[in-house]
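Student: Okay, so here is structure_34.pdb, and as you'll see once you scroll down, it has PDB, C-alpha atoms and all ligand atoms.
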```pdb
ATOM      1  CA  MET A 430     186.314-279.895  19.368
ATOM      2  CA  TYR A 431     184.978-283.363  20.167
ATOM      3  CA  ILE A 432     183.879-284.920  23.440
ATOM      4  CA  GLY A 433     185.426-288.250  24.422
ATOM      5  CA  LEU A 434     183.647-290.549  26.898
ATOM      6  CA  ASP A 435     185.396-293.467  28.560
ATOM      7  CA  VAL A 436     182.640-295.544  30.144
ATOM      8  CA  GLY A 437     184.061-298.019  32.641
ATOM      9  CA  GLY A 438     182.452-300.465  35.062
ATOM     10  CA  THR A 439     183.495-298.194  37.948
ATOM     11  CA  TYR A 440     184.088-294.705  36.539
ATOM     12  CA  VAL A 441     182.970-292.567  33.636
ATOM     13  CA  LYS A 442     185.621-290.213  32.308
ATOM     14  CA  ALA A 443     184.718-287.462  29.901
ATOM     15  CA  ALA A 444     186.758-284.714  28.287
ATOM     16  CA  GLN A 445     186.826-282.100  25.593
ATOM     17  CA  ILE A 446     189.407-283.180  23.007
ATOM     18  CA  GLY A 447     190.822-280.754  20.465
ATOM     19  CA  MET A 448     191.479-281.675  16.829
ATOM     20  CA  ASP A 449     195.185-281.830  17.769
ATOM     21  CA  GLY A 450     194.486-284.259  20.624
ATOM     22  CA  THR A 451     194.781-281.765  23.474
ATOM     23  CA  VAL A 452     192.665-282.558  26.520
ATOM     24  CA  GLY A 453     190.535-279.649  27.740
ATOM     25  CA  GLU A 454     187.810-279.593  30.400
ATOM     26  CA  HIS A 455     187.265-283.015  31.879
ATOM     27  CA  ARG A 456     185.021-284.889  34.311
ATOM     28  CA  HIS A 457     185.455-288.065  36.362
ATOM     29  CA  LEU A 458     182.317-289.632  37.887
ATOM     30  CA  PRO A 459     181.343-292.940  39.519
ATOM     31  CA  THR A 460     179.416-294.871  36.849
ATOM     32  CA  ALA A 461     175.616-294.715  37.256
ATOM     33  CA  CYS A 462     175.364-298.479  36.882
ATOM     34  CA  GLY A 463     171.876-298.974  38.410
ATOM     35  CA  SER A 464     170.072-299.119  35.054
ATOM     36  CA  ILE A 465     170.622-298.297  31.399
ATOM     37  CA  ASP A 466     168.386-295.220  31.764
ATOM     38  CA  ALA A 467     170.392-293.922  34.719
ATOM     39  CA  LEU A 468     173.590-294.396  32.728
ATOM     40  CA  LEU A 469     172.197-292.693  29.602
ATOM     41  CA  ASP A 470     170.977-289.796  31.768
ATOM     42  CA  GLN A 471     174.430-289.504  33.294
ATOM     43  CA  LEU A 472     176.202-289.589  29.909
ATOM     44  CA  ALA A 473     173.790-287.074  28.353
ATOM     45  CA  GLY A 474     174.287-284.885  31.432
ATOM     46  CA  VAL A 475     178.063-284.929  31.265
ATOM     47  CA  ILE A 476     177.935-284.217  27.517
ATOM     48  CA  SER A 477     175.780-281.162  28.206
ATOM     49  CA  THR A 478     178.263-279.805  30.790
ATOM     50  CA  LEU A 479     181.176-280.183  28.343
ATOM     51  CA  ARG A 480     179.600-279.174  25.036
ATOM     52  CA  THR A 481     180.178-275.759  23.522
ATOM     53  CA  SER A 482     179.226-274.174  20.216
ATOM     54  CA  GLU A 483     182.443-275.759  18.880
ATOM     55  CA  THR A 484     181.466-279.365  19.702
ATOM     56  CA  ALA A 485     181.392-281.362  16.459
ATOM     57  CA  GLY A 486     180.515-284.779  17.898
ATOM     58  CA  VAL A 487     180.960-287.352  20.626
ATOM     59  CA  GLY A 488     182.852-290.632  20.828
ATOM     60  CA  ALA A 489     182.194-293.194  23.557
ATOM     61  CA  GLY A 490     184.471-296.072  24.526
ATOM     62  CA  VAL A 491     182.656-298.889  26.336
ATOM     63  CA  PRO A 492     183.856-302.113  28.004
ATOM     64  CA  GLY A 493     182.232-304.550  25.638
ATOM     65  CA  ILE A 494     181.990-305.962  22.128
ATOM     66  CA  VAL A 495     180.528-303.325  19.824
ATOM     67  CA  ASP A 496     179.160-304.262  16.403
ATOM     68  CA  ARG A 497     179.314-302.149  13.267
ATOM     69  CA  SER A 498     175.978-300.484  13.954
ATOM     70  CA  GLY A 499     177.311-299.203  17.292
ATOM     71  CA  ARG A 500     175.246-301.662  19.331
ATOM     72  CA  VAL A 501     176.919-303.234  22.365
ATOM     73  CA  ARG A 502     176.644-306.997  21.838
ATOM     74  CA  VAL A 503     177.865-307.931  25.289
ATOM     75  CA  SER A 504     179.560-306.098  28.163
ATOM     76  CA  PRO A 505     180.872-308.569  30.778
ATOM     77  CA  ASN A 506     181.769-305.828  33.292
ATOM     78  CA  LEU A 507     178.774-303.531  32.735
ATOM     79  CA  HIS A 508     175.838-305.771  31.880
ATOM     80  CA  ILE A 509     173.297-302.953  31.632
ATOM     81  CA  LEU A 510     174.921-302.162  28.256
ATOM     82  CA  ASP A 511     174.180-305.642  26.826
ATOM     83  CA  GLY A 512     172.278-305.290  23.562
ATOM     84  CA  GLN A 513     172.042-301.494  23.843
ATOM     85  CA  GLY A 514     172.462-299.075  20.962
ATOM     86  CA  ILE A 515     173.680-296.273  23.187
ATOM     87  CA  GLY A 516     174.954-294.172  20.284
ATOM     88  CA  ASP A 517     171.426-293.777  18.875
ATOM     89  CA  GLU A 518     169.998-293.044  22.332
ATOM     90  CA  LEU A 519     172.604-290.375  23.098
ATOM     91  CA  ARG A 520     172.150-288.887  19.630
ATOM     92  CA  ARG A 521     168.444-288.580  20.334
ATOM     93  CA  ARG A 522     169.008-287.006  23.748
ATOM     94  CA  THR A 523     171.777-284.568  22.791
ATOM     95  CA  GLY A 524     171.264-283.854  19.088
ATOM     96  CA  LEU A 525     174.987-284.529  18.554
ATOM     97  CA  ASP A 526     176.572-287.253  16.430
ATOM     98  CA  VAL A 527     177.646-290.031  18.824
ATOM     99  CA  PHE A 528     179.902-292.954  17.857
ATOM    100  CA  VAL A 529     180.559-295.999  20.045
ATOM    101  CA  GLU A 530     183.662-298.182  20.117
ATOM    102  CA  ASN A 531     185.153-300.869  22.347
ATOM    103  CA  ASP A 532     187.311-299.178  25.019
ATOM    104  CA  ALA A 533     190.525-301.091  24.247
ATOM    105  CA  ASN A 534     190.108-300.322  20.530
ATOM    106  CA  ALA A 535     189.657-296.644  21.392
ATOM    107  CA  ALA A 536     192.790-296.688  23.573
ATOM    108  CA  ALA A 537     194.728-298.360  20.748
ATOM    109  CA  LEU A 538     193.652-295.632  18.348
ATOM    110  CA  ALA A 539     194.759-292.973  20.856
ATOM    111  CA  GLU A 540     198.199-294.543  21.319
ATOM    112  CA  CYS A 541     198.600-294.832  17.542
ATOM    113  CA  TRP A 542     197.604-291.194  17.050
ATOM    114  CA  MET A 543     199.312-289.420  19.949
ATOM    115  CA  GLY A 544     201.178-291.966  22.060
ATOM    116  CA  ALA A 545     203.639-294.841  21.827
ATOM    117  CA  GLY A 546     202.439-295.766  18.328
ATOM    118  CA  ALA A 547     202.738-292.264  16.868
ATOM    119  CA  GLY A 548     204.323-292.333  13.427
ATOM    120  CA  THR A 549     203.003-295.818  12.671
ATOM    121  CA  ALA A 550     199.775-296.790  10.930
ATOM    122  CA  ASP A 551     199.621-300.464  11.977
ATOM    123  CA  MET A 552     199.740-301.146  15.690
ATOM    124  CA  LEU A 553     198.606-303.603  18.324
ATOM    125  CA  LEU A 554     197.790-302.442  21.854
ATOM    126  CA  VAL A 555     197.849-305.040  24.622
ATOM    127  CA  THR A 556     196.267-303.904  27.889
ATOM    128  CA  LEU A 557     197.239-305.695  31.079
ATOM    129  CA  GLY A 558     194.873-305.457  34.009
ATOM    130  CA  THR A 559     192.334-307.727  35.651
ATOM    131  CA  GLY A 560     191.939-309.101  32.163
ATOM    132  CA  VAL A 561     194.194-308.958  29.117
ATOM    133  CA  GLY A 562     192.655-306.865  26.359
ATOM    134  CA  GLY A 563     193.773-305.736  22.983
ATOM    135  CA  GLY A 564     193.075-303.312  20.194
ATOM    136  CA  VAL A 565     194.223-303.400  16.596
ATOM    137  CA  VAL A 566     194.836-300.364  14.412
ATOM    138  CA  ILE A 567     195.394-300.983  10.688
ATOM    139  CA  GLY A 568     195.957-298.110   8.304
ATOM    140  CA  GLY A 569     195.344-295.620  11.108
ATOM    141  CA  ARG A 570     191.829-296.942  11.789
ATOM    142  CA  VAL A 571     190.443-299.358  14.369
ATOM    143  CA  TRP A 572     190.146-302.836  12.914
ATOM    144  CA  SER A 573     187.430-304.491  14.952
ATOM    145  CA  GLY A 574     186.644-307.420  12.688
ATOM    146  CA  HIS A 575     183.390-308.723  11.275
ATOM    147  CA  ALA A 576     181.456-308.766  14.557
ATOM    148  CA  GLY A 577     183.696-306.672  16.811
ATOM    149  CA  TYR A 578     185.805-309.455  18.303
ATOM    150  CA  ALA A 579     189.180-308.586  16.745
ATOM    151  CA  GLY A 580     192.102-307.958  19.087
ATOM    152  CA  GLU A 581     191.073-310.407  21.826
ATOM    153  CA  ILE A 582     194.660-311.455  22.378
ATOM    154  CA  GLY A 583     193.942-312.370  26.015
ATOM    155  CA  HIS A 584     191.964-315.381  24.837
ATOM    156  CA  ILE A 585     194.592-316.976  22.638
ATOM    157  CA  GLN A 586     195.268-320.427  24.094
ATOM    158  CA  VAL A 587     198.726-321.044  25.532
ATOM    159  CA  ASP A 588     198.036-324.334  27.333
ATOM    160  CA  GLU A 589     195.044-326.504  26.438
ATOM    161  CA  HIS A 590     195.308-328.222  29.829
ATOM    162  CA  GLY A 591     195.679-324.941  31.700
ATOM    163  CA  VAL A 592     193.414-323.319  34.295
ATOM    164  CA  ALA A 593     189.929-322.016  33.482
ATOM    165  CA  CYS A 594     189.666-318.554  31.924
ATOM    166  CA  GLY A 595     186.862-316.083  32.716
ATOM    167  CA  CYS A 596     185.522-316.607  29.179
ATOM    168  CA  GLY A 597     184.916-320.317  29.763
ATOM    169  CA  GLY A 598     188.036-321.464  27.912
ATOM    170  CA  ARG A 599     191.204-322.940  29.342
ATOM    171  CA  GLY A 600     194.855-321.878  29.565
ATOM    172  CA  HIS A 601     194.366-318.574  27.741
ATOM    173  CA  VAL A 602     196.970-315.759  27.816
ATOM    174  CA  GLU A 603     194.790-313.970  30.380
ATOM    175  CA  THR A 604     195.086-316.863  32.856
ATOM    176  CA  PHE A 605     198.830-316.114  33.007
ATOM    177  CA  ALA A 606     199.095-312.369  32.399
ATOM    178  CA  GLY A 607     195.899-311.099  34.044
ATOM    179  CA  VAL A 608     196.127-310.044  37.722
ATOM    180  CA  ALA A 609     194.879-313.431  38.978
ATOM    181  CA  GLY A 610     197.428-315.178  36.769
ATOM    182  CA  TRP A 611     200.330-313.373  38.442
ATOM    183  CA  GLY A 612     199.001-314.467  41.836
ATOM    184  CA  ARG A 613     198.568-318.085  40.798
ATOM    185  CA  LEU A 614     202.029-318.268  39.240
ATOM    186  CA  ALA A 615     203.553-316.719  42.368
ATOM    187  CA  GLN A 616     201.836-319.292  44.588
ATOM    188  CA  GLU A 617     203.029-322.132  42.378
ATOM    189  CA  ALA A 618     206.599-320.819  42.393
ATOM    190  CA  LEU A 619     206.558-320.402  46.193
ATOM    191  CA  ALA A 620     205.385-324.016  46.586
ATOM    192  CA  SER A 621     208.909-325.067  45.563
ATOM    193  CA  GLY A 622     210.010-323.932  49.029
ATOM    194  CA  ARG A 623     212.708-321.543  47.804
ATOM    195  CA  PRO A 624     213.312-318.369  49.830
ATOM    196  CA  SER A 625     211.536-315.265  48.523
ATOM    197  CA  VAL A 626     210.385-311.915  49.902
ATOM    198  CA  LEU A 627     207.014-312.807  48.354
ATOM    199  CA  ARG A 628     206.384-315.121  51.329
ATOM    200  CA  ASP A 629     205.823-311.999  53.406
ATOM    201  CA  ALA A 630     203.736-310.162  50.804
ATOM    202  CA  GLU A 631     200.218-309.305  51.947
ATOM    203  CA  LEU A 632     198.938-309.638  48.410
ATOM    204  CA  LEU A 633     200.542-311.650  45.606
ATOM    205  CA  ASP A 634     199.656-309.038  43.016
ATOM    206  CA  PRO A 635     201.662-307.773  40.018
ATOM    207  CA  LYS A 636     202.960-304.836  42.035
ATOM    208  CA  ALA A 637     204.421-307.060  44.772
ATOM    209  CA  VAL A 638     205.931-309.415  42.179
ATOM    210  CA  ALA A 639     207.405-306.547  40.145
ATOM    211  CA  THR A 640     208.906-304.906  43.236
ATOM    212  CA  ALA A 641     210.508-308.182  44.325
ATOM    213  CA  ALA A 642     211.736-308.916  40.794
ATOM    214  CA  ALA A 643     213.368-305.478  40.594
ATOM    215  CA  ASP A 644     215.404-306.510  43.655
ATOM    216  CA  GLY A 645     216.464-309.717  41.935
ATOM    217  CA  ASP A 646     214.128-312.088  43.810
ATOM    218  CA  ALA A 647     214.440-315.399  41.919
ATOM    219  CA  VAL A 648     210.859-316.538  42.526
ATOM    220  CA  ALA A 649     209.458-313.187  41.348
ATOM    221  CA  LEU A 650     211.675-313.299  38.253
ATOM    222  CA  GLU A 651     210.334-316.768  37.483
ATOM    223  CA  VAL A 652     206.768-315.412  37.641
ATOM    224  CA  ILE A 653     207.673-312.642  35.203
ATOM    225  CA  GLU A 654     209.300-315.217  32.945
ATOM    226  CA  GLU A 655     206.023-317.213  32.819
ATOM    227  CA  VAL A 656     203.823-314.112  32.381
ATOM    228  CA  THR A 657     205.947-312.848  29.497
ATOM    229  CA  ARG A 658     206.194-316.304  27.920
ATOM    230  CA  ALA A 659     202.392-316.489  27.679
ATOM    231  CA  LEU A 660     202.116-312.905  26.468
ATOM    232  CA  GLY A 661     204.941-313.525  24.015
ATOM    233  CA  ILE A 662     203.086-316.480  22.481
ATOM    234  CA  GLY A 663     200.023-314.273  21.962
ATOM    235  CA  ILE A 664     201.965-311.335  20.561
ATOM    236  CA  ALA A 665     204.020-313.575  18.252
ATOM    237  CA  ALA A 666     200.789-315.035  16.840
ATOM    238  CA  ALA A 667     199.436-311.523  16.290
ATOM    239  CA  LEU A 668     202.649-310.410  14.564
ATOM    240  CA  LEU A 669     202.703-313.409  12.253
ATOM    241  CA  LEU A 670     199.087-312.778  11.342
ATOM    242  CA  MET A 671     199.163-308.989  10.945
ATOM    243  CA  ASN A 672     202.787-307.834  10.722
ATOM    244  CA  VAL A 673     201.974-304.639  12.632
ATOM    245  CA  GLU A 674     204.855-302.206  12.991
ATOM    246  CA  ARG A 675     204.547-301.700  16.727
ATOM    247  CA  VAL A 676     203.175-303.446  19.802
ATOM    248  CA  VAL A 677     202.260-301.177  22.701
ATOM    249  CA  VAL A 678     201.789-302.581  26.203
ATOM    250  CA  GLY A 679     199.453-300.605  28.465
ATOM    251  CA  GLY A 680     197.091-301.002  31.399
ATOM    252  CA  GLY A 681     197.644-300.933  35.146
ATOM    253  CA  VAL A 682     199.944-303.949  35.296
ATOM    254  CA  SER A 683     202.278-302.518  32.653
ATOM    255  CA  LYS A 684     203.643-300.219  35.371
ATOM    256  CA  ALA A 685     206.043-303.117  35.889
ATOM    257  CA  GLY A 686     207.325-301.572  32.664
ATOM    258  CA  GLU A 687     210.868-302.193  31.574
ATOM    259  CA  LEU A 688     210.910-305.274  33.759
ATOM    260  CA  LEU A 689     208.391-306.842  31.354
ATOM    261  CA  LEU A 690     209.720-305.522  28.060
ATOM    262  CA  GLU A 691     213.092-307.277  28.040
ATOM    263  CA  PRO A 692     211.827-310.836  28.685
ATOM    264  CA  LEU A 693     208.756-310.164  26.525
ATOM    265  CA  ALA A 694     210.952-309.167  23.575
ATOM    266  CA  ARG A 695     212.990-312.337  24.077
ATOM    267  CA  HIS A 696     209.882-314.547  24.073
ATOM    268  CA  VAL A 697     208.403-312.820  21.019
ATOM    269  CA  ARG A 698     211.659-312.818  19.070
ATOM    270  CA  LYS A 699     212.241-316.550  19.189
ATOM    271  CA  ARG A 700     208.732-317.269  17.872
ATOM    272  CA  ILE A 701     208.661-315.133  14.739
ATOM    273  CA  PHE A 702     210.731-314.685  11.566
ATOM    274  CA  ALA A 703     213.948-312.862  12.403
ATOM    275  CA  ASP A 704     213.163-310.238   9.803
ATOM    276  CA  LEU A 705     209.789-309.532  11.422
ATOM    277  CA  PHE A 706     211.371-308.499  14.716
ATOM    278  CA  ARG A 707     212.664-305.009  15.488
ATOM    279  CA  PRO A 708     214.342-304.347  18.850
ATOM    280  CA  ASP A 709     212.231-301.226  19.481
ATOM    281  CA  MET A 710     208.913-302.584  18.231
ATOM    282  CA  LEU A 711     207.680-303.281  21.775
ATOM    283  CA  ARG A 712     206.924-300.091  23.703
ATOM    284  CA  LEU A 713     205.108-299.063  26.850
ATOM    285  CA  ALA A 714     201.917-297.025  26.441
ATOM    286  CA  LEU A 715     202.369-293.289  26.950
ATOM    287  CA  LEU A 716     198.893-291.839  27.406
ATOM    288  CA  GLY A 717     197.893-293.528  30.672
ATOM    289  CA  ASN A 718     194.348-292.814  31.793
ATOM    290  CA  ASP A 719     193.780-290.259  29.028
ATOM    291  CA  ALA A 720     193.997-292.890  26.264
ATOM    292  CA  GLY A 721     190.299-293.789  26.623
ATOM    293  CA  VAL A 722     188.852-290.297  26.195
ATOM    294  CA  ILE A 723     191.357-289.257  23.509
ATOM    295  CA  GLY A 724     190.722-292.439  21.515
ATOM    296  CA  ALA A 725     186.946-292.190  21.830
ATOM    297  CA  ALA A 726     187.046-288.619  20.513
ATOM    298  CA  ARG A 727     189.363-289.741  17.692
ATOM    299  CA  VAL A 728     186.842-292.422  16.695
ATOM    300  CA  ALA A 729     184.225-289.690  16.314
ATOM    301  CA  MET A 730     186.624-287.451  14.348
ATOM    302  CA  LEU A 731     187.447-290.230  11.883
ATOM    303  CA  GLU A 732     183.809-291.307  11.516
ATOM    304  CA  ALA A 733     182.703-287.736  10.891
ATOM    305  CA  GLY A 734     185.547-287.242   8.391
ATOM    306  CA  ALA A 735     184.695-290.478   6.593
ATOM    307  CA  ARG A 736     181.104-289.380   6.251
ATOM    308  CA  GLU A 737     182.143-286.140   4.565
ATOM    309  CA  LEU A 738     184.214-287.982   1.949
TER
HETATM  310 ZN    ZN A 801     189.636-316.687  27.748
END
```
Give the structure from the file, written as structure tokens.
Tutor:
Amino acid sequence: MYIGLDVGGTYVKAAQIGMDGTVGEHRHLPTACGSIDALLDQLAGVISTLRTSETAGVGAGVPGIVDRSGRVRVSPNLHILDGQGIGDELRRRTGLDVFVENDANAAALAECWMGAGAGTADMLLVTLGTGVGGGVVIGGRVWSGHAGYAGEIGHIQVDEHGVACGCGGRGHVETFAGVAGWGRLAQEALASGRPSVLRDAELLDPKAVATAAADGDAVALEVIEEVTRALGIGIAAALLLMNVERVVVGGGVSKAGELLLEPLARHVRKRIFADLFRPDMLRLALLGNDAGVIGAARVAMLEAGAREL
């Protein structure tokens, strides 16, 4: 059995994960984000409550760029992790092997192993939330690139004159398909003066847009058209570059689900070689909130296995 940790800016999730991917005992705690020591104490503590004589190792998914040594280069949403080699620290505190991976990469590995990518070895996960993240699995392993930046599909540029992105760039996929992007696009569409139930929405968030679009609201459908156009440009670029077998869409915003998949497939299809497209290659993620802990544990399983070879 392995322990999977999903360290988020708000919550830490931890679970025992069996070699077959089953989720056993689990914990869900507000992240001790006051200092790196408080966080390490918390993580070591939760490991000690979950470990048994069967525990073979620990995997931790973190919201940041992780280099090959397991050091967190930068963590925009949990700055106390910046520059920290938390794997080594947790190894020292617990005596267990601890492996660290970017959280979206870990989730991608989980979906490829047990979820919407099962049966494939080459997969791209796109996570839609506040930001637009991504994880690449090639040959059944996370492919994180030379310095850990692979899979950053949210920062592919769609419009060089577009609005500012959180990363400092302009017109990136995330400025359309991230939560704020949905709101901006809805406001712009409403400015045309056309009738829409979105005029009465308290919050112009993806949920409100998706609900209105499901009822055929023309303004909401236009927003979804723009969101999926931007995402489609990013996914088409990824497919042309990597020819992965499947693209899995996950994250909170993907609850808009089927509503996104049809236009997304249309936008992807017209930008790639016909032979590269398969009607069922775009799927919704299946593992939900468990993807992080399952994937983190899987990282540790694969690392431990690789070491034995
Ligand atoms: Zn960006």
Student: Using only C-alpha atoms, can you list as a ChimeraX atom specification the residues within 12 Å of (178.4, -298.5, 39.5)?
Tutor: /A:436-441,458-465,467-468,471,506-509
Student: Would you give me, as a tab-separated table, each residue of segment 659-704 of chain A having an atom within 8 Å of an atom of segment 605-623 of chain A, along with its shortest atom pair and that distance in Å to one decimal, using all atoms listed in the file and sorting by chain and residue number?
Tutor:
```
residue	atom	partner	partner_atom	distance
A:Ala659	CA	A:Phe605	CA	6.4
A:Leu660	CA	A:Ala606	CA	6.7
A:Val682	CA	A:Val608	CA	7.6
```
Student: Specify as number ranges by chain each residue included when the PyMOL selection byres (((not hetatm)) within 8 of (chain A and resi 801)) is applied to this file.
Tutor: A: 583-586, 593-604
Student: For Arg521 of chain A, list every protein, DNA or RNA residue within 12 Å, evaluated using only C-alpha atoms, and leave out those in the same chain fewer than 5 positions away; present the list as a list in words.
Tutor: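 The residues satisfying every condition are Leu469, Asp470, Ala473, Gly514, Ile515, Gly516, Asp526 and Val527 of chain A.
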Student: What does the distance between atom CA of Ala489 of chain A and atom CA of Leu670 of chain A come to in Å, to one decimal place?
Tutor: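 Separation of atom CA of Ala489 of chain A and atom CA of Leu670 of chain A: 28.6 Å.
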Student: Taking into account only C-alpha atoms, which residue in the set A:Arg628, A:Arg570, A:Arg700, A:Lys636 is nearest to Glu540 of chain A?
Tutor: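 Using only C-alpha atoms, the shortest distance to Glu540 of chain A belongs to A:Arg570.
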Student: Calculate how many Å separate atom CA of Thr451 of chain A from atom CA of Val722 of chain A, rounding to one decimal.
Tutor: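 Computing it gives 10.7 Å between the two atoms.
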Student: Using N, CA, C and O atoms, give me segment 592-612 of chain A from the structure I just pasted, as a compact mmCIF listing (two decimals), in the first residue's frame.
Tutor:
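Here's the written file selection.txt:
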```
# COMPACT_ATOMS: atom_id res chain seq x y z
N VAL A 592 -6.31 39.77 -23.58
CA VAL A 592 -6.19 40.33 -22.23
C VAL A 592 -5.03 39.66 -21.48
O VAL A 592 -4.56 38.58 -21.84
N ALA A 593 -4.58 40.34 -20.42
CA ALA A 593 -3.43 39.86 -19.65
C ALA A 593 -3.75 38.55 -18.93
O ALA A 593 -4.84 38.38 -18.39
N CYS A 594 -2.79 37.64 -18.94
CA CYS A 594 -2.90 36.35 -18.26
C CYS A 594 -2.19 36.47 -16.90
O CYS A 594 -1.30 37.31 -16.73
N GLY A 595 -2.57 35.63 -15.96
CA GLY A 595 -1.94 35.64 -14.63
C GLY A 595 -0.44 35.43 -14.68
O GLY A 595 0.29 35.85 -13.78
N CYS A 596 0.06 34.81 -15.75
CA CYS A 596 1.49 34.51 -15.86
C CYS A 596 2.29 35.70 -16.37
O CYS A 596 3.52 35.65 -16.42
N GLY A 597 1.59 36.77 -16.79
CA GLY A 597 2.29 37.93 -17.33
C GLY A 597 2.19 38.00 -18.85
O GLY A 597 2.54 39.01 -19.44
N GLY A 598 1.72 36.94 -19.47
CA GLY A 598 1.54 36.93 -20.92
C GLY A 598 0.21 37.53 -21.33
O GLY A 598 -0.48 38.17 -20.51
N ARG A 599 -0.18 37.32 -22.56
CA ARG A 599 -1.37 37.96 -23.09
C ARG A 599 -2.15 36.99 -23.98
O ARG A 599 -1.57 36.28 -24.79
N GLY A 600 -3.49 36.98 -23.80
CA GLY A 600 -4.34 36.20 -24.70
C GLY A 600 -4.11 34.69 -24.64
O GLY A 600 -4.33 34.00 -25.64
N HIS A 601 -3.69 34.18 -23.51
CA HIS A 601 -3.45 32.75 -23.39
C HIS A 601 -4.77 31.98 -23.25
O HIS A 601 -5.81 32.57 -22.90
N VAL A 602 -4.74 30.68 -23.49
CA VAL A 602 -5.93 29.82 -23.38
C VAL A 602 -6.65 30.09 -22.05
O VAL A 602 -7.88 30.18 -22.00
N GLU A 603 -5.88 30.23 -20.99
CA GLU A 603 -6.46 30.43 -19.66
C GLU A 603 -7.30 31.71 -19.55
O GLU A 603 -8.25 31.76 -18.77
N THR A 604 -6.97 32.73 -20.35
CA THR A 604 -7.74 33.98 -20.28
C THR A 604 -9.12 33.82 -20.92
O THR A 604 -9.97 34.69 -20.79
N PHE A 605 -9.34 32.71 -21.62
CA PHE A 605 -10.66 32.40 -22.17
C PHE A 605 -11.35 31.30 -21.35
O PHE A 605 -12.53 31.41 -21.03
N ALA A 606 -10.59 30.24 -21.02
CA ALA A 606 -11.21 29.04 -20.47
C ALA A 606 -11.08 28.91 -18.96
O ALA A 606 -11.67 28.01 -18.36
N GLY A 607 -10.32 29.81 -18.32
CA GLY A 607 -10.30 29.85 -16.86
C GLY A 607 -11.58 30.52 -16.36
O GLY A 607 -12.30 31.13 -17.15
N VAL A 608 -11.88 30.41 -15.08
CA VAL A 608 -13.14 30.95 -14.54
C VAL A 608 -13.34 32.43 -14.92
O VAL A 608 -14.42 32.83 -15.36
N ALA A 609 -12.28 33.23 -14.76
CA ALA A 609 -12.40 34.66 -15.07
C ALA A 609 -12.68 34.89 -16.55
O ALA A 609 -13.37 35.84 -16.94
N GLY A 610 -12.16 34.01 -17.39
CA GLY A 610 -12.38 34.11 -18.83
C GLY A 610 -13.85 33.94 -19.19
O GLY A 610 -14.39 34.70 -20.01
N TRP A 611 -14.50 32.97 -18.57
CA TRP A 611 -15.94 32.77 -18.80
C TRP A 611 -16.71 34.04 -18.46
O TRP A 611 -17.60 34.46 -19.19
N GLY A 612 -16.36 34.65 -17.32
CA GLY A 612 -17.04 35.86 -16.87
C GLY A 612 -16.85 37.01 -17.84
O GLY A 612 -17.79 37.72 -18.20
```
